[in-house]
Each structure stands twice: as C-alpha cells, then as structure tokens.
$ cat run.txt   # compact mmCIF, C-alpha atoms
# COMPACT_ATOMS: atom_id res chain seq x y z
CA MET Q 1 7.96 -2.00 8.98
CA SER Q 2 7.81 0.64 11.71
CA PHE Q 3 10.84 2.88 11.18
CA ARG Q 4 10.76 6.40 9.83
CA PHE Q 5 13.29 8.06 7.60
CA ASP Q 6 15.32 11.05 8.62
CA VAL Q 7 14.30 13.02 5.53
CA PRO Q 8 15.44 16.65 5.31
CA VAL Q 9 13.28 19.49 4.09
CA LEU Q 10 12.81 19.02 0.33
CA HIS Q 11 12.92 22.32 -1.53
CA GLY Q 12 11.18 23.19 -4.80
CA SER Q 13 10.28 26.44 -6.50
CA ARG Q 14 6.55 26.09 -5.73
CA VAL Q 15 6.43 23.78 -2.73
CA ARG Q 16 8.62 22.99 0.24
CA LEU Q 17 8.10 19.62 1.90
CA GLU Q 18 8.71 19.99 5.63
CA PRO Q 19 8.55 17.15 8.16
CA LEU Q 20 5.00 17.36 9.48
CA ALA Q 21 4.61 18.98 12.91
CA MET Q 22 1.82 20.20 15.14
CA ARG Q 23 2.78 23.79 14.28
CA HIS Q 24 1.36 23.22 10.78
CA GLY Q 25 -2.08 22.65 12.28
CA PRO Q 26 -3.61 26.14 11.96
CA ASP Q 27 -2.65 26.46 8.28
CA LEU Q 28 -3.84 22.96 7.49
CA ALA Q 29 -7.15 23.47 9.31
CA ARG Q 30 -7.86 26.45 7.05
CA ALA Q 31 -6.64 24.57 3.96
CA ALA Q 32 -8.93 21.61 4.64
CA GLU Q 33 -12.03 23.82 4.78
CA GLU Q 34 -11.47 25.91 1.61
CA ASP Q 35 -13.59 23.67 -0.64
CA ARG Q 36 -14.07 19.99 0.12
CA ALA Q 37 -15.67 19.01 -3.18
CA SER Q 38 -12.62 17.04 -4.36
CA TYR Q 39 -12.25 14.98 -1.15
CA ARG Q 40 -14.94 12.41 -1.93
CA TYR Q 41 -12.54 9.44 -1.65
CA THR Q 42 -9.68 11.00 0.33
CA LEU Q 43 -9.04 11.19 4.07
CA VAL Q 44 -8.99 14.91 4.85
CA PRO Q 45 -9.90 15.94 8.41
CA ARG Q 46 -12.27 18.74 9.26
CA ALA Q 47 -10.70 21.78 10.90
CA GLU Q 48 -11.76 20.71 14.37
CA GLU Q 49 -10.21 17.27 13.82
CA MET Q 50 -6.83 18.54 12.64
CA ASP Q 51 -4.91 18.28 15.92
CA GLY Q 52 -5.96 14.64 16.36
CA TYR Q 53 -5.16 13.89 12.71
CA LEU Q 54 -1.66 15.35 13.05
CA ALA Q 55 -0.99 13.61 16.35
CA ALA Q 56 -1.97 10.27 14.80
CA HIS Q 57 0.19 10.89 11.72
CA LEU Q 58 3.21 11.63 13.89
CA VAL Q 59 3.09 8.21 15.56
CA ARG Q 60 1.68 6.03 12.77
CA PRO Q 61 4.11 3.12 12.14
CA GLY Q 62 5.71 3.15 8.70
CA LEU Q 63 4.61 6.71 7.90
CA THR Q 64 6.99 9.61 7.22
CA PRO Q 65 4.66 12.59 6.71
CA PHE Q 66 5.32 16.04 5.27
CA ALA Q 67 3.50 19.35 5.23
CA GLN Q 68 3.24 20.77 1.72
CA VAL Q 69 4.21 24.41 2.23
CA ARG Q 70 3.48 26.83 -0.62
CA VAL Q 71 6.68 28.74 -1.31
CA ALA Q 72 4.87 31.88 -2.50
CA ASP Q 73 3.44 32.68 0.95
CA GLY Q 74 4.93 30.12 3.35
CA VAL Q 75 1.51 28.63 4.10
CA ALA Q 76 1.00 24.88 4.63
CA VAL Q 77 -1.61 23.84 2.05
CA GLY Q 78 -1.62 20.07 2.32
CA VAL Q 79 -0.01 16.84 3.45
CA THR Q 80 1.83 14.00 1.74
CA ALA Q 81 3.99 11.13 2.97
CA PHE Q 82 6.32 8.23 2.41
CA TRP Q 83 4.48 5.13 3.53
CA ASP Q 84 4.85 1.36 3.89
CA PRO Q 85 8.65 0.97 3.48
CA ARG Q 86 9.66 -2.55 2.48
CA THR Q 87 13.06 -4.21 2.56
CA TRP Q 88 14.77 -6.86 0.51
CA PRO Q 89 14.31 -10.44 1.81
CA ASP Q 90 16.78 -11.24 4.60
CA SER Q 91 18.11 -7.68 4.58
CA ASP Q 92 17.41 -4.31 6.19
CA ARG Q 93 18.07 -2.52 2.87
CA LEU Q 94 15.07 -0.66 1.53
CA CYS Q 95 13.67 -1.96 -1.75
CA ALA Q 96 10.29 -0.20 -2.10
CA ILE Q 97 8.18 2.57 -0.66
CA GLU Q 98 4.80 4.19 -1.30
CA VAL Q 99 3.95 7.85 -1.76
CA GLY Q 100 0.52 8.51 -0.34
CA TRP Q 101 -1.74 10.11 2.28
CA THR Q 102 -1.78 13.11 -0.05
CA TRP Q 103 -4.22 16.01 -0.08
CA LEU Q 104 -4.10 19.66 -1.08
CA ALA Q 105 -6.20 22.73 -0.41
CA ALA Q 106 -8.53 23.62 -3.27
CA SER Q 107 -6.52 26.80 -3.95
CA ALA Q 108 -3.34 24.73 -4.43
CA GLN Q 109 -4.83 22.18 -6.82
CA GLY Q 110 -3.83 22.63 -10.46
CA SER Q 111 -1.02 25.01 -9.47
CA GLY Q 112 1.92 22.70 -10.12
CA ILE Q 113 2.40 22.03 -6.41
CA ASN Q 114 1.30 18.40 -6.64
CA ALA Q 115 3.57 17.71 -9.62
CA GLU Q 116 6.55 19.31 -7.93
CA ALA Q 117 5.90 17.49 -4.65
CA LYS Q 118 5.85 14.20 -6.55
CA PHE Q 119 9.09 15.18 -8.29
CA LEU Q 120 10.76 15.91 -4.95
CA LEU Q 121 9.53 12.70 -3.33
CA PHE Q 122 10.34 10.50 -6.33
CA THR Q 123 13.81 12.03 -6.60
CA HIS Q 124 14.54 11.41 -2.93
CA ALA Q 125 13.19 7.85 -3.13
CA PHE Q 126 15.21 6.81 -6.18
CA GLU Q 127 18.36 8.90 -5.80
CA THR Q 128 18.86 9.03 -2.02
CA LEU Q 129 16.93 6.05 -0.62
CA LYS Q 130 17.88 3.98 -3.69
CA VAL Q 131 14.57 2.13 -3.93
CA ALA Q 132 13.86 -0.31 -6.73
CA ARG Q 133 10.15 0.47 -6.78
CA LEU Q 134 7.82 3.28 -5.78
CA ASP Q 135 4.09 2.61 -5.23
CA LEU Q 136 1.03 4.80 -5.47
CA LYS Q 137 -2.59 3.77 -4.94
CA THR Q 138 -6.01 5.34 -4.79
CA ASP Q 139 -9.66 4.42 -4.52
CA ALA Q 140 -10.47 2.81 -7.87
CA ARG Q 141 -13.42 5.20 -8.23
CA ASN Q 142 -11.23 8.29 -7.83
CA GLU Q 143 -10.72 9.26 -11.47
CA ARG Q 144 -9.13 12.60 -10.55
CA SER Q 145 -6.44 10.92 -8.46
CA ARG Q 146 -5.86 8.22 -11.07
CA ARG Q 147 -5.29 10.84 -13.76
CA ALA Q 148 -2.85 12.67 -11.49
CA MET Q 149 -0.84 9.49 -10.93
CA GLU Q 150 -0.71 8.83 -14.65
CA ARG Q 151 0.42 12.41 -15.30
CA ALA Q 152 3.18 11.89 -12.74
CA GLY Q 153 4.50 9.07 -14.91
CA ALA Q 154 3.32 6.10 -12.85
CA THR Q 155 2.22 2.90 -14.59
CA PHE Q 156 -1.24 1.52 -13.86
CA GLU Q 157 -0.92 -2.10 -12.68
CA GLY Q 158 -4.54 -3.02 -12.05
CA VAL Q 159 -7.19 -2.96 -9.33
CA LEU Q 160 -6.88 -4.91 -6.11
CA ARG Q 161 -10.33 -5.71 -4.81
CA ARG Q 162 -11.23 -4.86 -1.21
CA TRP Q 163 -7.63 -3.84 -0.57
CA SER Q 164 -7.69 -0.67 1.56
CA PRO Q 165 -9.97 1.10 4.04
CA SER Q 166 -12.56 3.28 2.34
CA TRP Q 167 -12.63 6.98 3.22
CA ALA Q 168 -15.82 7.66 1.27
CA PRO Q 169 -18.74 9.08 3.29
CA GLY Q 170 -21.01 6.35 4.62
CA GLU Q 171 -18.40 3.62 4.10
CA ALA Q 172 -16.66 3.63 7.48
CA GLY Q 173 -15.36 0.18 8.32
CA ARG Q 174 -15.60 -1.02 4.73
CA LEU Q 175 -12.83 -1.92 2.31
CA ARG Q 176 -12.45 -0.25 -1.07
CA ASP Q 177 -11.05 -1.47 -4.37
CA SER Q 178 -7.64 0.17 -4.88
CA ALA Q 179 -6.15 1.17 -8.23
CA MET Q 180 -2.43 0.41 -8.07
CA PHE Q 181 0.33 2.37 -9.82
CA SER Q 182 4.11 2.18 -9.70
CA VAL Q 183 7.39 3.55 -10.97
CA ILE Q 184 10.43 1.27 -11.01
CA ALA Q 185 14.06 2.32 -10.92
CA GLU Q 186 14.68 1.54 -14.59
CA GLU Q 187 11.86 3.93 -15.54
CA TRP Q 188 12.95 6.76 -13.28
CA PRO Q 189 15.19 8.62 -15.78
CA ASP Q 190 12.34 8.91 -18.28
CA VAL Q 191 9.79 9.75 -15.57
CA ARG Q 192 12.14 12.39 -14.17
CA SER Q 193 12.52 14.01 -17.58
CA ALA Q 194 8.76 14.01 -18.15
CA LEU Q 195 8.09 15.53 -14.73
CA ARG Q 196 10.71 18.22 -15.34
CA ALA Q 197 9.06 19.08 -18.65
CA ARG Q 198 5.67 19.23 -16.97
CA LEU Q 199 7.01 21.56 -14.29
CA ASP Q 200 8.65 23.75 -16.92
CA GLY Q 201 5.27 23.92 -18.65
CA HIS Q 202 3.65 25.15 -15.44
CA ARG Q 203 6.33 27.82 -15.09
CA TYR Q 204 5.85 28.90 -18.70
CA ALA Q 205 2.10 29.13 -18.18
CA GLY Q 206 2.56 31.06 -14.94
CA ALA Q 207 0.53 28.44 -13.09
$ encode --input "run.txt" --output "structure tokens"
Amino acid sequence: MSFRFDVPVLHGSRVRLEPLAMRHGPDLARAAEEDRASYRYTLVPRAEEMDGYLAAHLVRPGLTPFAQVRVADGVAVGVTAFWDPRTWPDSDRLCAIEVGWTWLAASAQGSGINAEAKFLLFTHAFETLKVARLDLKTDARNERSRRAMERAGATFEGVLRRWSPSWAPGEAGRLRDSAMFSVIAEEWPDVRSALRARLDGHRYAGA
C-alpha cells in the first residue's frame, strides 16, 4: 500500500517525533557517526550518504518516517517510521502496521528515548489509527534489537527464513532471516501500562 499517514508531531518528555525532513540531515549525519558499533545489522547511512538516505525515505511507498528529536537539546538523534500499512480485505480501513526503520545515535541509546518513541508510536497506532495489530521485525541475529522489542512488550512469533534484505556488511543483495514480533489490540492496555512503568523507571533513575 503506497499511502502515507498525516501524522502530527508526537510529543514525549524525552523525545519528539517530527515528520522527517531534509532539514534534519545535519543533525542526523552527526548522530550516525558518533559510534557505529551497534549498527551491525541495521541500515544506518554514513554522514556523506545522509541526504540521499533522507530523499529516498521521503518518497518510499508505504513509509511514514519520523526524526527522533531529543527534547533536552532539540537535536535529531535518530529515525523511526510507520511502515507497510495493511487494510482489511475488501476495505480501505487500516488493520495493521509495522514500526521499523529505527536507529539511534550511540549517545541516545539506553536513555529512555527508544522506549518513549515506541510508546508514542504504539499509542498513535492503537488509539488514533485503530489498528488491530502492530508488527516489529529485526535480523534474527540482532540480539540487541530483539531484546528491545521484548522490553517494549511485543510478543515473539518466530523466525521467517530469507524474509528481508540484509543490511549486514558484505551481504548486499542477500536476504536475511527475520525475527518477527507483534502487539495486538487486545494486548495494548497491558503493554501500555508496562511501557508507562518502564518510562517512569527511567525518570526515577534520571536516565
């Protein structure tokens, strides 16, 4: 499906999700080069590739991308997106969507920004877009990302073999095995409560 959603800026106490724009490029170029050790399985452009990356994101069918802007200093420190919207059979009503294309600067990892961004996106998906299902997926080898999805309250559904393009170095043009996670509408109240508690824990810890 090729449409995009008219999603407003989503405001949190740590992160503000702004519709992605070329003006975020300088911040994101610096963010991408801080420390790339955690990007082994994730598509994160080099600084000199950022303009092309953003331009492609802005026209990619089915993608509604956001800049993750750190509230503390107003700096864009990463990207995330709604992706692959799907409708009910014989209807144009949305039934499912994925949260993905996510990366964060090294300085923003472990700060509560990722958890709050997920909370904002999940809330918008279930309470405004009224989806029945929300998907997440990652390279099956990416244990860090899999743990983050589990901490966000998503349920592991299994591994789909040779499902998605690999972003690992030396694997251009190859398909990876993808670990699949989801949250369904019936689970959202409990997931929302758990995410709130996690965010409160970050605030208490001063993270």
$ residues_around --input "run.txt" --residues "region 27-44 of chain Q" --least-positions-apart "2" --cutoff "8 Å" --atoms "all atoms listed in the file" --output "list in words"
His24, Gly25, Arg46, Ala47, Glu48, Met50, Val75, Ala76, Val77, Gly78, Trp101, Trp103, Leu104, Ala105, Ala106, Ser107, Asp139, Arg141, Asn142, Ser166, Trp167, Ala168 and Pro169 of chain Q
$ atom_distance --input "run.txt" --atom1 "CA of Lys137 (chain Q)" --atom2 "CA of Asp177 (chain Q)"
10.0 Å
$ closest_atom_pairs --input "run.txt" --of "region 65-85 of chain Q" --to "region 125-132 of chain Q" --cutoff "12 Å" --atoms "all atoms listed in the file" --output "JSON lines"
{"residue": "Q:Ala81", "atom": "CA", "partner": "Q:Ala125", "partner_atom": "CA", "distance": 11.5}
{"residue": "Q:Phe82", "atom": "CA", "partner": "Q:Ala125", "partner_atom": "CA", "distance": 8.8}
{"residue": "Q:Trp83", "atom": "CA", "partner": "Q:Ala125", "partner_atom": "CA", "distance": 11.3}
{"residue": "Q:Pro85", "atom": "CA", "partner": "Q:Val131", "partner_atom": "CA", "distance": 9.6}
$ residues_near_point --input "run.txt" --point "(1.4, 11.6, 5.4)" --cutoff "12 Å" --atoms "all atoms listed in the file" --output "PyMOL selection string"
chain Q and resi 4+17-21+43-44+53-68+78-84+98-104+121
$ write_last_selection --input "run.txt" --atoms "C-alpha atoms" --output "short mmCIF file (atom, residue, chain, number, x, y, z; two decimals), keeping the file's coordinate frame"
data_model
loop_
_atom_site.label_atom_id
_atom_site.label_comp_id
_atom_site.auth_asym_id
_atom_site.auth_seq_id
_atom_site.Cartn_x
_atom_site.Cartn_y
_atom_site.Cartn_z
CA ARG Q 4 10.76 6.40 9.83
CA LEU Q 17 8.10 19.62 1.90
CA GLU Q 18 8.71 19.99 5.63
CA PRO Q 19 8.55 17.15 8.16
CA LEU Q 20 5.00 17.36 9.48
CA ALA Q 21 4.61 18.98 12.91
CA LEU Q 43 -9.04 11.19 4.07
CA VAL Q 44 -8.99 14.91 4.85
CA TYR Q 53 -5.16 13.89 12.71
CA LEU Q 54 -1.66 15.35 13.05
CA ALA Q 55 -0.99 13.61 16.35
CA ALA Q 56 -1.97 10.27 14.80
CA HIS Q 57 0.19 10.89 11.72
CA LEU Q 58 3.21 11.63 13.89
CA VAL Q 59 3.09 8.21 15.56
CA ARG Q 60 1.68 6.03 12.77
CA PRO Q 61 4.11 3.12 12.14
CA GLY Q 62 5.71 3.15 8.70
CA LEU Q 63 4.61 6.71 7.90
CA THR Q 64 6.99 9.61 7.22
CA PRO Q 65 4.66 12.59 6.71
CA PHE Q 66 5.32 16.04 5.27
CA ALA Q 67 3.50 19.35 5.23
CA GLN Q 68 3.24 20.77 1.72
CA GLY Q 78 -1.62 20.07 2.32
CA VAL Q 79 -0.01 16.84 3.45
CA THR Q 80 1.83 14.00 1.74
CA ALA Q 81 3.99 11.13 2.97
CA PHE Q 82 6.32 8.23 2.41
CA TRP Q 83 4.48 5.13 3.53
CA ASP Q 84 4.85 1.36 3.89
CA GLU Q 98 4.80 4.19 -1.30
CA VAL Q 99 3.95 7.85 -1.76
CA GLY Q 100 0.52 8.51 -0.34
CA TRP Q 101 -1.74 10.11 2.28
CA THR Q 102 -1.78 13.11 -0.05
CA TRP Q 103 -4.22 16.01 -0.08
CA LEU Q 104 -4.10 19.66 -1.08
CA LEU Q 121 9.53 12.70 -3.33
#
$ closest_residue --input "run.txt" --among "Q:Phe156, Q:Phe181, Q:Phe5, Q:Phe119" --to "Ala194 (chain Q)" --atoms "all atoms listed in the file"
Q:Phe119
$ closest_residue --input "run.txt" --among "Q:Gly158, Q:Pro26, Q:Thr123, Q:Arg133" --to "Ser193 (chain Q)" --atoms "only C-alpha atoms"
Q:Thr123
$ closest_residue --input "run.txt" --among "Q:Gly12, Q:Gly170, Q:Pro45, Q:Gly74" --to "Glu116 (chain Q)" --atoms "all atoms listed in the file"
Q:Gly12
$ residues_around --input "run.txt" --residues "Ala72 (chain Q)" --least-positions-apart "2" --cutoff "9 Å" --atoms "all atoms listed in the file" --output "ChimeraX atom specification"
/Q:13-15,69-70,74-75
$ closest_residue --input "run.txt" --among "Q:Ser178, Q:Gln109, Q:Thr87, Q:Ser145" --to "Arg161 (chain Q)" --atoms "all atoms listed in the file"
Q:Ser178
$ decode --input "run.txt" --residues "region 4-18 of chain Q" --atoms "all heavy atoms" --output "compact mmCIF listing (two decimals), in the first residue's frame"
# COMPACT_ATOMS: atom_id res chain seq x y z
N ARG Q 4 0.64 7.48 2.68
CA ARG Q 4 1.26 7.88 3.93
C ARG Q 4 0.18 8.45 4.83
O ARG Q 4 -0.86 8.90 4.37
CB ARG Q 4 2.34 8.92 3.72
CG ARG Q 4 3.56 8.38 3.01
CD ARG Q 4 4.61 9.47 2.85
NE ARG Q 4 5.76 8.92 2.16
CZ ARG Q 4 7.01 9.13 2.55
NH1 ARG Q 4 7.26 9.85 3.62
NH2 ARG Q 4 8.01 8.62 1.88
N PHE Q 5 0.47 8.45 6.12
CA PHE Q 5 -0.47 9.00 7.09
C PHE Q 5 -0.10 10.44 7.39
O PHE Q 5 1.07 10.80 7.44
CB PHE Q 5 -0.42 8.19 8.38
CG PHE Q 5 -0.76 6.74 8.16
CD1 PHE Q 5 0.24 5.79 8.08
CD2 PHE Q 5 -2.07 6.34 8.03
CE1 PHE Q 5 -0.05 4.47 7.87
CE2 PHE Q 5 -2.38 5.01 7.81
CZ PHE Q 5 -1.38 4.08 7.73
N ASP Q 6 -1.11 11.24 7.61
CA ASP Q 6 -0.89 12.60 8.06
C ASP Q 6 -0.77 12.57 9.58
O ASP Q 6 -1.71 12.85 10.30
CB ASP Q 6 -2.04 13.49 7.62
CG ASP Q 6 -1.82 14.95 7.97
OD1 ASP Q 6 -0.67 15.31 8.28
OD2 ASP Q 6 -2.80 15.72 7.95
N VAL Q 7 0.42 12.20 10.05
CA VAL Q 7 0.65 12.05 11.49
C VAL Q 7 1.23 13.35 12.03
O VAL Q 7 2.21 13.87 11.49
CB VAL Q 7 1.61 10.88 11.78
CG1 VAL Q 7 1.85 10.73 13.27
CG2 VAL Q 7 1.04 9.58 11.20
N PRO Q 8 0.65 13.89 13.10
CA PRO Q 8 1.20 15.12 13.68
C PRO Q 8 2.50 14.84 14.42
O PRO Q 8 2.91 13.68 14.58
CB PRO Q 8 0.11 15.55 14.66
CG PRO Q 8 -0.52 14.25 15.10
CD PRO Q 8 -0.50 13.38 13.86
N VAL Q 9 3.15 15.89 14.87
CA VAL Q 9 4.29 15.72 15.76
C VAL Q 9 3.80 15.01 17.02
O VAL Q 9 2.76 15.35 17.59
CB VAL Q 9 4.91 17.08 16.13
CG1 VAL Q 9 6.03 16.91 17.14
CG2 VAL Q 9 5.43 17.78 14.87
N LEU Q 10 4.55 13.98 17.45
CA LEU Q 10 4.20 13.22 18.64
C LEU Q 10 5.16 13.63 19.76
O LEU Q 10 6.37 13.49 19.62
CB LEU Q 10 4.30 11.72 18.36
CG LEU Q 10 3.42 11.20 17.21
CD1 LEU Q 10 3.65 9.71 16.99
CD2 LEU Q 10 1.95 11.50 17.45
N HIS Q 11 4.60 14.15 20.85
CA HIS Q 11 5.40 14.76 21.90
C HIS Q 11 5.56 13.85 23.11
O HIS Q 11 4.57 13.32 23.64
CB HIS Q 11 4.75 16.07 22.35
CG HIS Q 11 4.74 17.14 21.32
ND1 HIS Q 11 5.79 18.01 21.14
CD2 HIS Q 11 3.82 17.46 20.38
CE1 HIS Q 11 5.50 18.84 20.16
NE2 HIS Q 11 4.32 18.53 19.67
N GLY Q 12 6.79 13.67 23.56
CA GLY Q 12 7.08 12.99 24.81
C GLY Q 12 7.95 13.88 25.68
O GLY Q 12 8.29 15.01 25.30
N SER Q 13 8.33 13.38 26.83
CA SER Q 13 9.18 14.17 27.73
C SER Q 13 10.65 14.06 27.36
O SER Q 13 11.45 14.96 27.68
CB SER Q 13 8.98 13.72 29.18
OG SER Q 13 9.35 12.37 29.34
N ARG Q 14 11.04 12.97 26.68
CA ARG Q 14 12.43 12.77 26.27
C ARG Q 14 12.63 12.93 24.77
O ARG Q 14 13.68 13.34 24.33
CB ARG Q 14 12.90 11.37 26.67
CG ARG Q 14 13.30 11.25 28.11
CD ARG Q 14 13.88 9.87 28.38
NE ARG Q 14 14.44 9.81 29.71
CZ ARG Q 14 13.71 9.69 30.80
NH1 ARG Q 14 12.41 9.60 30.70
NH2 ARG Q 14 14.27 9.66 32.00
N VAL Q 15 11.61 12.53 24.00
CA VAL Q 15 11.76 12.55 22.55
C VAL Q 15 10.52 13.16 21.91
O VAL Q 15 9.40 13.00 22.41
CB VAL Q 15 12.01 11.12 22.00
CG1 VAL Q 15 10.81 10.22 22.21
CG2 VAL Q 15 12.41 11.16 20.52
N ARG Q 16 10.76 13.86 20.83
CA ARG Q 16 9.69 14.41 20.00
C ARG Q 16 9.83 13.79 18.62
O ARG Q 16 10.91 13.86 18.01
CB ARG Q 16 9.83 15.93 19.94
CG ARG Q 16 8.75 16.65 19.16
CD ARG Q 16 8.86 18.15 19.31
NE ARG Q 16 10.08 18.71 18.72
CZ ARG Q 16 11.09 19.21 19.43
NH1 ARG Q 16 11.06 19.21 20.76
NH2 ARG Q 16 12.16 19.72 18.82
N LEU Q 17 8.78 13.16 18.13
CA LEU Q 17 8.81 12.53 16.82
C LEU Q 17 8.23 13.51 15.80
O LEU Q 17 7.03 13.78 15.80
CB LEU Q 17 8.02 11.23 16.83
CG LEU Q 17 8.52 10.15 17.80
CD1 LEU Q 17 7.68 8.88 17.66
CD2 LEU Q 17 9.99 9.84 17.57
N GLU Q 18 9.10 14.04 14.95
CA GLU Q 18 8.72 15.00 13.93
C GLU Q 18 8.71 14.34 12.57
O GLU Q 18 9.61 13.52 12.28
CB GLU Q 18 9.70 16.18 13.89
CG GLU Q 18 9.82 16.97 15.18
CD GLU Q 18 10.84 18.09 15.09
OE1 GLU Q 18 11.51 18.20 14.03
OE2 GLU Q 18 10.95 18.85 16.06
